[in-house]
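Participant: Dropping in data.csv, with CSV, C-alpha atoms.
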```
chain,number,residue,atom,x,y,z
A,299,MET,CA,8.3,-26.6,1.6
A,300,ASP,CA,5.6,-24.7,3.6
A,301,THR,CA,6.7,-26.3,6.8
A,302,ILE,CA,10.4,-25.4,6.2
A,303,LEU,CA,9.4,-21.8,5.4
A,304,SER,CA,7.2,-21.5,8.4
A,305,GLU,CA,9.9,-22.8,10.8
A,306,LEU,CA,12.5,-20.5,9.2
A,307,ARG,CA,10.2,-17.5,9.6
A,308,THR,CA,9.6,-18.3,13.3
A,309,TYR,CA,13.3,-18.7,14.0
A,310,VAL,CA,14.4,-15.6,12.2
A,311,ARG,CA,11.7,-13.5,13.6
A,312,GLN,CA,12.6,-14.5,17.2
A,313,LYS,CA,16.3,-14.0,16.5
A,314,LEU,CA,16.0,-10.5,14.9
A,315,GLU,CA,12.8,-9.0,16.2
A,316,ARG,CA,14.7,-6.6,18.5
A,317,GLU,CA,17.8,-6.1,16.4
A,318,GLY,CA,18.7,-2.4,16.5
A,319,SER,CA,20.8,-1.6,13.5
A,320,GLY,CA,18.1,-1.7,10.8
A,321,HIS,CA,18.7,-5.4,10.0
A,322,ASP,CA,15.7,-6.5,12.1
A,323,TRP,CA,12.9,-8.9,11.4
A,324,HIS,CA,10.9,-6.2,9.5
A,325,HIS,CA,13.8,-5.7,7.1
A,326,ILE,CA,13.9,-9.5,6.5
A,327,ASP,CA,10.1,-9.5,5.9
A,328,ARG,CA,10.3,-6.7,3.4
A,329,VAL,CA,13.2,-8.4,1.6
A,330,VAL,CA,11.2,-11.6,1.4
A,331,LYS,CA,8.2,-9.9,-0.1
A,332,GLN,CA,10.3,-8.1,-2.7
A,333,ALA,CA,12.3,-11.3,-3.5
A,334,LYS,CA,9.0,-13.2,-4.1
A,335,ARG,CA,7.7,-10.3,-6.3
A,336,ILE,CA,10.9,-10.2,-8.4
A,337,ALA,CA,11.2,-14.0,-8.6
A,338,ASP,CA,7.7,-14.2,-10.0
A,339,GLU,CA,8.5,-11.6,-12.7
A,340,GLU,CA,11.9,-13.0,-13.6
A,341,LYS,CA,10.9,-16.7,-13.5
A,342,ALA,CA,13.3,-17.6,-10.7
A,343,ASN,CA,12.9,-20.4,-8.2
A,344,THR,CA,10.6,-18.6,-5.7
A,345,PHE,CA,11.2,-21.2,-2.9
A,346,ILE,CA,15.0,-20.8,-3.1
A,347,CYS,CA,14.7,-17.0,-3.2
A,348,GLU,CA,12.4,-17.0,-0.1
A,349,VAL,CA,14.6,-19.2,1.9
A,350,ALA,CA,17.7,-17.2,1.1
A,351,ALA,CA,15.9,-13.9,1.8
A,352,LEU,CA,14.8,-15.2,5.2
A,353,VAL,CA,18.3,-16.2,6.3
A,354,HIS,CA,20.5,-13.8,4.4
A,355,ASP,CA,21.4,-11.6,7.4
A,356,LEU,CA,22.1,-14.3,9.9
A,357,ALA,CA,25.7,-14.6,8.8
A,358,ASP,CA,26.2,-10.9,8.4
A,359,ASP,CA,28.9,-9.5,10.8
A,360,LYS,CA,26.5,-6.6,11.6
A,361,VAL,CA,24.2,-9.2,13.2
A,362,ALA,CA,26.3,-12.3,14.0
A,363,SER,CA,29.2,-12.5,16.4
A,364,SER,CA,31.3,-13.7,13.5
A,365,GLU,CA,30.6,-14.6,9.9
A,366,GLN,CA,31.7,-18.2,10.4
A,367,GLU,CA,29.4,-18.7,13.5
A,368,GLY,CA,26.6,-17.2,11.5
A,369,LEU,CA,27.2,-19.5,8.5
A,370,SER,CA,27.3,-22.5,10.8
A,371,GLU,CA,24.0,-21.4,12.3
A,372,VAL,CA,22.4,-21.1,8.8
A,373,GLU,CA,23.7,-24.5,7.8
A,374,ALA,CA,22.1,-26.1,10.8
A,375,LEU,CA,18.8,-24.3,10.0
A,376,LEU,CA,18.8,-25.6,6.5
A,377,TYR,CA,19.3,-29.3,7.4
A,378,GLN,CA,15.8,-30.1,6.0
A,379,LEU,CA,16.7,-29.0,2.5
A,380,ASN,CA,18.3,-31.4,0.0
A,381,ALA,CA,22.0,-30.9,-0.6
A,382,ALA,CA,21.7,-29.0,-3.9
A,383,ASP,CA,19.2,-26.5,-2.3
A,384,ARG,CA,21.4,-26.0,0.8
A,385,GLU,CA,24.4,-25.4,-1.4
A,386,HIS,CA,22.5,-22.9,-3.5
A,387,VAL,CA,21.2,-21.0,-0.5
A,388,MET,CA,24.6,-20.8,1.1
A,389,GLU,CA,26.1,-19.6,-2.2
A,390,ILE,CA,23.5,-16.8,-2.3
A,391,ILE,CA,24.0,-15.5,1.2
A,392,THR,CA,27.8,-15.5,1.0
A,393,THR,CA,27.9,-13.5,-2.2
A,394,ILE,CA,25.1,-10.9,-2.1
A,395,SER,CA,26.5,-8.5,0.5
A,396,TYR,CA,27.8,-5.1,-0.6
A,397,LYS,CA,30.9,-5.0,1.7
A,398,GLY,CA,32.5,-1.9,0.1
A,399,GLY,CA,31.3,-2.5,-3.4
A,400,ASN,CA,34.3,-4.5,-4.6
A,401,ARG,CA,32.7,-7.9,-5.0
A,402,PRO,CA,32.2,-9.9,-8.2
A,403,PRO,CA,28.8,-10.3,-9.8
A,404,VAL,CA,26.6,-13.0,-8.2
A,405,LYS,CA,26.2,-16.2,-10.3
A,406,SER,CA,22.7,-17.4,-10.2
A,407,LEU,CA,19.3,-15.8,-11.1
A,408,GLU,CA,18.1,-16.5,-7.6
A,409,ALA,CA,21.1,-14.7,-6.2
A,410,GLN,CA,20.4,-11.8,-8.5
A,411,VAL,CA,16.8,-11.7,-7.2
A,412,VAL,CA,17.7,-11.7,-3.5
A,413,GLN,CA,20.5,-9.2,-4.0
A,414,ASP,CA,18.1,-6.9,-5.8
A,415,ALA,CA,15.5,-7.3,-3.1
A,416,ASP,CA,18.0,-6.6,-0.3
A,417,ARG,CA,19.3,-3.5,-2.2
A,418,LEU,CA,15.8,-2.1,-2.7
A,419,ASP,CA,15.4,-2.0,1.1
A,420,ALA,CA,18.5,0.1,1.3
A,421,ILE,CA,17.1,2.9,-0.9
A,422,GLY,CA,14.0,5.0,-0.9
A,423,ALA,CA,12.2,6.2,2.2
A,424,ILE,CA,12.9,2.9,4.0
A,425,GLY,CA,16.6,3.1,3.0
A,426,ILE,CA,16.8,6.7,4.4
A,427,ALA,CA,15.3,5.6,7.7
A,428,ARG,CA,17.6,2.6,8.0
A,429,THR,CA,20.7,4.6,7.2
A,430,PHE,CA,20.1,6.9,10.3
A,431,VAL,CA,19.2,3.9,12.5
A,432,TYR,CA,22.4,2.2,11.5
A,433,ALA,CA,24.6,5.3,11.9
A,434,GLY,CA,23.1,5.9,15.4
A,435,SER,CA,23.8,2.3,16.4
A,436,LYS,CA,27.5,2.8,15.4
A,437,GLY,CA,27.7,6.2,17.1
A,438,GLU,CA,28.3,8.1,13.9
A,439,LEU,CA,27.3,11.7,13.3
A,440,ILE,CA,24.5,12.7,11.0
A,441,TYR,CA,26.9,14.8,8.9
A,442,ASP,CA,30.2,16.5,9.2
A,443,PRO,CA,31.4,18.4,6.1
A,444,SER,CA,35.0,17.9,7.1
A,445,ILE,CA,34.7,14.1,6.7
A,446,GLU,CA,34.8,13.3,3.0
A,447,PRO,CA,32.8,10.3,1.5
A,448,ARG,CA,35.2,7.4,1.0
A,449,THR,CA,35.9,5.8,-2.3
A,450,ASN,CA,37.4,2.4,-3.3
A,451,MET,CA,37.0,1.0,0.1
A,452,THR,CA,38.2,-2.4,1.4
A,453,MET,CA,35.6,-4.4,3.4
A,454,ASP,CA,37.5,-3.5,6.6
A,455,ALA,CA,37.5,0.2,5.7
A,456,TYR,CA,33.8,0.1,4.9
A,457,ARG,CA,33.0,-1.5,8.3
A,458,ASN,CA,35.4,0.3,10.5
A,459,GLU,CA,36.6,3.7,9.3
A,460,GLN,CA,35.0,6.9,10.5
A,461,SER,CA,32.2,8.2,8.3
A,462,THR,CA,28.7,9.8,8.7
A,463,ALA,CA,25.1,8.9,7.9
A,464,ILE,CA,25.0,11.3,5.0
A,465,ASN,CA,28.3,10.1,3.6
A,466,HIS,CA,26.8,6.6,3.4
A,467,PHE,CA,24.4,7.8,0.7
A,468,TYR,CA,27.4,8.7,-1.5
A,469,GLU,CA,29.5,5.7,-0.5
A,470,LYS,CA,26.8,3.2,-1.2
A,471,LEU,CA,23.2,4.0,-1.6
A,472,LEU,CA,23.3,6.3,-4.7
A,473,LYS,CA,25.3,3.6,-6.5
A,474,LEU,CA,22.8,0.8,-6.0
A,475,LYS,CA,20.4,1.8,-8.8
A,476,ASP,CA,23.1,1.1,-11.4
A,477,LEU,CA,24.1,-2.2,-9.7
A,478,MET,CA,20.7,-3.8,-9.9
A,479,ASN,CA,20.7,-7.2,-11.7
A,480,THR,CA,17.2,-7.9,-13.0
A,481,GLU,CA,14.9,-5.8,-15.1
A,482,THR,CA,12.3,-5.8,-12.4
A,483,GLY,CA,14.8,-4.7,-9.8
A,484,LYS,CA,16.1,-1.9,-12.1
A,485,SER,CA,12.5,-0.6,-12.6
A,486,LEU,CA,11.7,-0.7,-8.9
A,487,ALA,CA,14.9,1.1,-8.0
A,488,GLU,CA,14.2,4.2,-10.2
A,489,GLU,CA,11.6,5.8,-7.9
A,490,ARG,CA,13.5,5.0,-4.8
A,491,HIS,CA,16.7,6.5,-6.2
A,492,GLU,CA,14.9,9.7,-7.1
A,493,PHE,CA,13.5,9.9,-3.6
A,494,ILE,CA,17.0,9.7,-2.1
A,495,GLN,CA,18.2,12.4,-4.5
A,496,SER,CA,15.4,14.7,-3.5
A,497,PHE,CA,16.0,14.1,0.2
A,498,LEU,CA,19.7,14.9,-0.1
A,499,SER,CA,18.9,18.1,-2.0
A,500,GLN,CA,16.6,19.2,0.8
A,501,PHE,CA,19.0,18.1,3.5
A,502,HIS,CA,22.0,20.1,2.1
A,503,GLY,CA,19.7,23.1,1.4
A,504,GLU,CA,18.6,23.1,5.1
A,505,TRP,CA,22.2,22.5,6.3
A,506,GLU,CA,23.5,25.5,4.4
A,507,GLY,CA,20.5,27.6,5.5
A,508,ASN,CA,19.1,28.0,2.0
A,509,ARG,CA,15.8,26.3,2.7
```
Can the structure in the file be given as structure tokens, please?
Facilitator:
Amino acid sequence: MDTILSELRTYVRQKLEREGSGHDWHHIDRVVKQAKRIADEEKANTFICEVAALVHDLADDKVASSEQEGLSEVEALLYQLNAADREHVMEIITTISYKGGNRPPVKSLEAQVVQDADRLDAIGAIGIARTFVYAGSKGELIYDPSIEPRTNMTMDAYRNEQSTAINHFYEKLLKLKDLMNTETGKSLAEERHEFIQSFLSQFHGEWEGNR
């Protein structure tokens, strides 16, 4: 198990070390740490959670040239695992992404753990920083009051329609606290959620010239 984890860490680090949309190696490393922490608290399979956290973004269309190519890459990486573990990891990474918020709940405890860990990295101070990095990588504005936050988005709309960095907080990030799966994840999300709310209050106050 240690050999598998070490090889995966080396591969993913080399692959994503210079990724520029906020889905880089450091994001992966933080998600792994949170997944292990939550797995310990929730009595989940820590090995499965760590493996899934390590590879969870390799098939994401923000990183991979296509989702199918990314999934094929992950399957090749996981050849050392037994069939049941491979299937479990693939099920996790294909179901945890937000993609507009219209997806069914994940099935296994390990998927809940990894999804919570990934979502924790999207909120709080780190989440704020990543939001602006991602918006910049897509050429989006910081804010435009004439562009309303979107609701009930399809995956295509979520990825491709015009929006702004600030709108992303309303379209996704402020919703994540109430979408956490585990008790540990819910507890950890509280402070980060409050930090986002405080930031947005300060931002809008400065934007309007009131602060």
Participant: Show me, as a ChimeraX atom specification, the residues that have an atom within 10 Å of segment 477-482 of chain A when counting only C-alpha atoms, minus same-chain residues fewer than 5 positions from it.
Facilitator: /A:335-340,399,403-404,407,409-415,417-418,472,487
Participant: Can you pull out every residue within 12 Å of Gln378 of chain A, counting all atoms listed in the file, but drop anything in the same chain fewer than 2 positions away, and send it as a list in words?
Facilitator: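 Selected residues are Met299, Asp300, Thr301, Ile302, Leu303, Glu305, Leu306, Val349, Val372, Glu373, Ala374, Leu375, Leu376, Asn380, Ala381, Ala382, Asp383 and Arg384 of chain A.
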Participant: Now that the selection is made, can you save its residues with C-alpha atoms as a PDB file, in the coordinates of the input?
Facilitator:
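File produced: result.pdb:
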```pdb
ATOM      1  CA  MET A 299       8.300 -26.600   1.600  1.00  0.00           C
ATOM      2  CA  ASP A 300       5.600 -24.700   3.600  1.00  0.00           C
ATOM      3  CA  THR A 301       6.700 -26.300   6.800  1.00  0.00           C
ATOM      4  CA  ILE A 302      10.400 -25.400   6.200  1.00  0.00           C
ATOM      5  CA  LEU A 303       9.400 -21.800   5.400  1.00  0.00           C
ATOM      6  CA  GLU A 305       9.900 -22.800  10.800  1.00  0.00           C
ATOM      7  CA  LEU A 306      12.500 -20.500   9.200  1.00  0.00           C
ATOM      8  CA  VAL A 349      14.600 -19.200   1.900  1.00  0.00           C
ATOM      9  CA  VAL A 372      22.400 -21.100   8.800  1.00  0.00           C
ATOM     10  CA  GLU A 373      23.700 -24.500   7.800  1.00  0.00           C
ATOM     11  CA  ALA A 374      22.100 -26.100  10.800  1.00  0.00           C
ATOM     12  CA  LEU A 375      18.800 -24.300  10.000  1.00  0.00           C
ATOM     13  CA  LEU A 376      18.800 -25.600   6.500  1.00  0.00           C
ATOM     14  CA  ASN A 380      18.300 -31.400   0.000  1.00  0.00           C
ATOM     15  CA  ALA A 381      22.000 -30.900  -0.600  1.00  0.00           C
ATOM     16  CA  ALA A 382      21.700 -29.000  -3.900  1.00  0.00           C
ATOM     17  CA  ASP A 383      19.200 -26.500  -2.300  1.00  0.00           C
ATOM     18  CA  ARG A 384      21.400 -26.000   0.800  1.00  0.00           C
TER      19      ARG A 384
END
```
Participant: So how far away is atom CA of Ile326 of chain A from atom CA of Gln366 of chain A, in Å?
Facilitator: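 Distance reported for this atom pair: 20.2 Å.
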Participant: Which of these, A:Ile445, A:Val361, A:Ile346, A:Val387, has the shortest distance to Glu459 of chain A once you count only C-alpha atoms?
Facilitator: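 Closest residue, counting only C-alpha atoms: A:Ile445.
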Participant: Counting all atoms listed in the file, what is within 9 Å of Arg428 of chain A, bar same-chain residues fewer than 3 positions away, as a PyMOL selection string?
Facilitator: chain A and resi 319-321+419-421+423-425+431-433
Participant: Near Val310 of chain A, counting all atoms listed in the file, which residues have an atom at most 8 Å away, once you skip same-chain residues fewer than 3 positions from it, shown as a PDB file with C-alpha atoms, in the frame of the given file?
Facilitator:
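Once written, selection_36.pdb looks like this:
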```pdb
ATOM      1  CA  LEU A 306      12.500 -20.500   9.200  1.00  0.00           C
ATOM      2  CA  ARG A 307      10.200 -17.500   9.600  1.00  0.00           C
ATOM      3  CA  LYS A 313      16.300 -14.000  16.500  1.00  0.00           C
ATOM      4  CA  LEU A 314      16.000 -10.500  14.900  1.00  0.00           C
ATOM      5  CA  GLU A 315      12.800  -9.000  16.200  1.00  0.00           C
ATOM      6  CA  TRP A 323      12.900  -8.900  11.400  1.00  0.00           C
ATOM      7  CA  LEU A 352      14.800 -15.200   5.200  1.00  0.00           C
ATOM      8  CA  VAL A 353      18.300 -16.200   6.300  1.00  0.00           C
TER       9      VAL A 353
END
```
Participant: Kindly give the distance, in Å, that separates atom CA of Glu489 of chain A and atom CA of Gly422 of chain A, rounded to a single decimal.
Facilitator: 7.4 Å
Participant: To one decimal place, how far is atom CA of Arg490 of chain A from atom CA of Ile391 of chain A in Å?
Facilitator: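 Computed distance, atom CA of Arg490 of chain A to atom CA of Ile391 of chain A, equals 23.8 Å.
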Participant: Which residue, A:Ala362, A:Ile494, A:Ile390, A:Leu379, has the smallest gap to Lys473 of chain A when you use only C-alpha atoms?
Facilitator: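 Between A:Ala362, A:Ile494, A:Ile390, A:Leu379, the residue approaching Lys473 of chain A most closely is A:Ile494.
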Participant: Looking at all atoms listed in the file, which of A:Thr393, A:Ser363, A:Gln312, A:Thr429 is the one that sits closest to Ala350 of chain A?
Facilitator: A:Thr393
Participant: Of the candidates A:Ile394, A:Leu474, A:Lys331, A:Lys484, which shows the shortest atom-to-atom distance to Ala357 of chain A, using all atoms listed in the file?
Facilitator: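 Under the stated criterion, the closest residue is A:Ile394.
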Participant: Find the spatial neighbours of segment 498-500 of chain A, counting only C-alpha atoms, within a cut-off of 12 Å - ignore same-chain residues fewer than 6 positions away - and output them as JSON, numbers by chain.
Facilitator: {"A": [422, 423, 426, 441, 463, 464, 465, 466, 467, 468, 471, 472, 491, 492, 506, 507, 508, 509]}
Participant: For each of A:Asp358, A:Glu389, A:Glu438, A:Asp416, take the minimum atom-to-atom distance to Val330 of chain A, counting all atoms listed in the file, then give the residue where this is smallest.
Facilitator: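 Of the candidates, the smallest distance to Val330 of chain A is held by A:Asp416.
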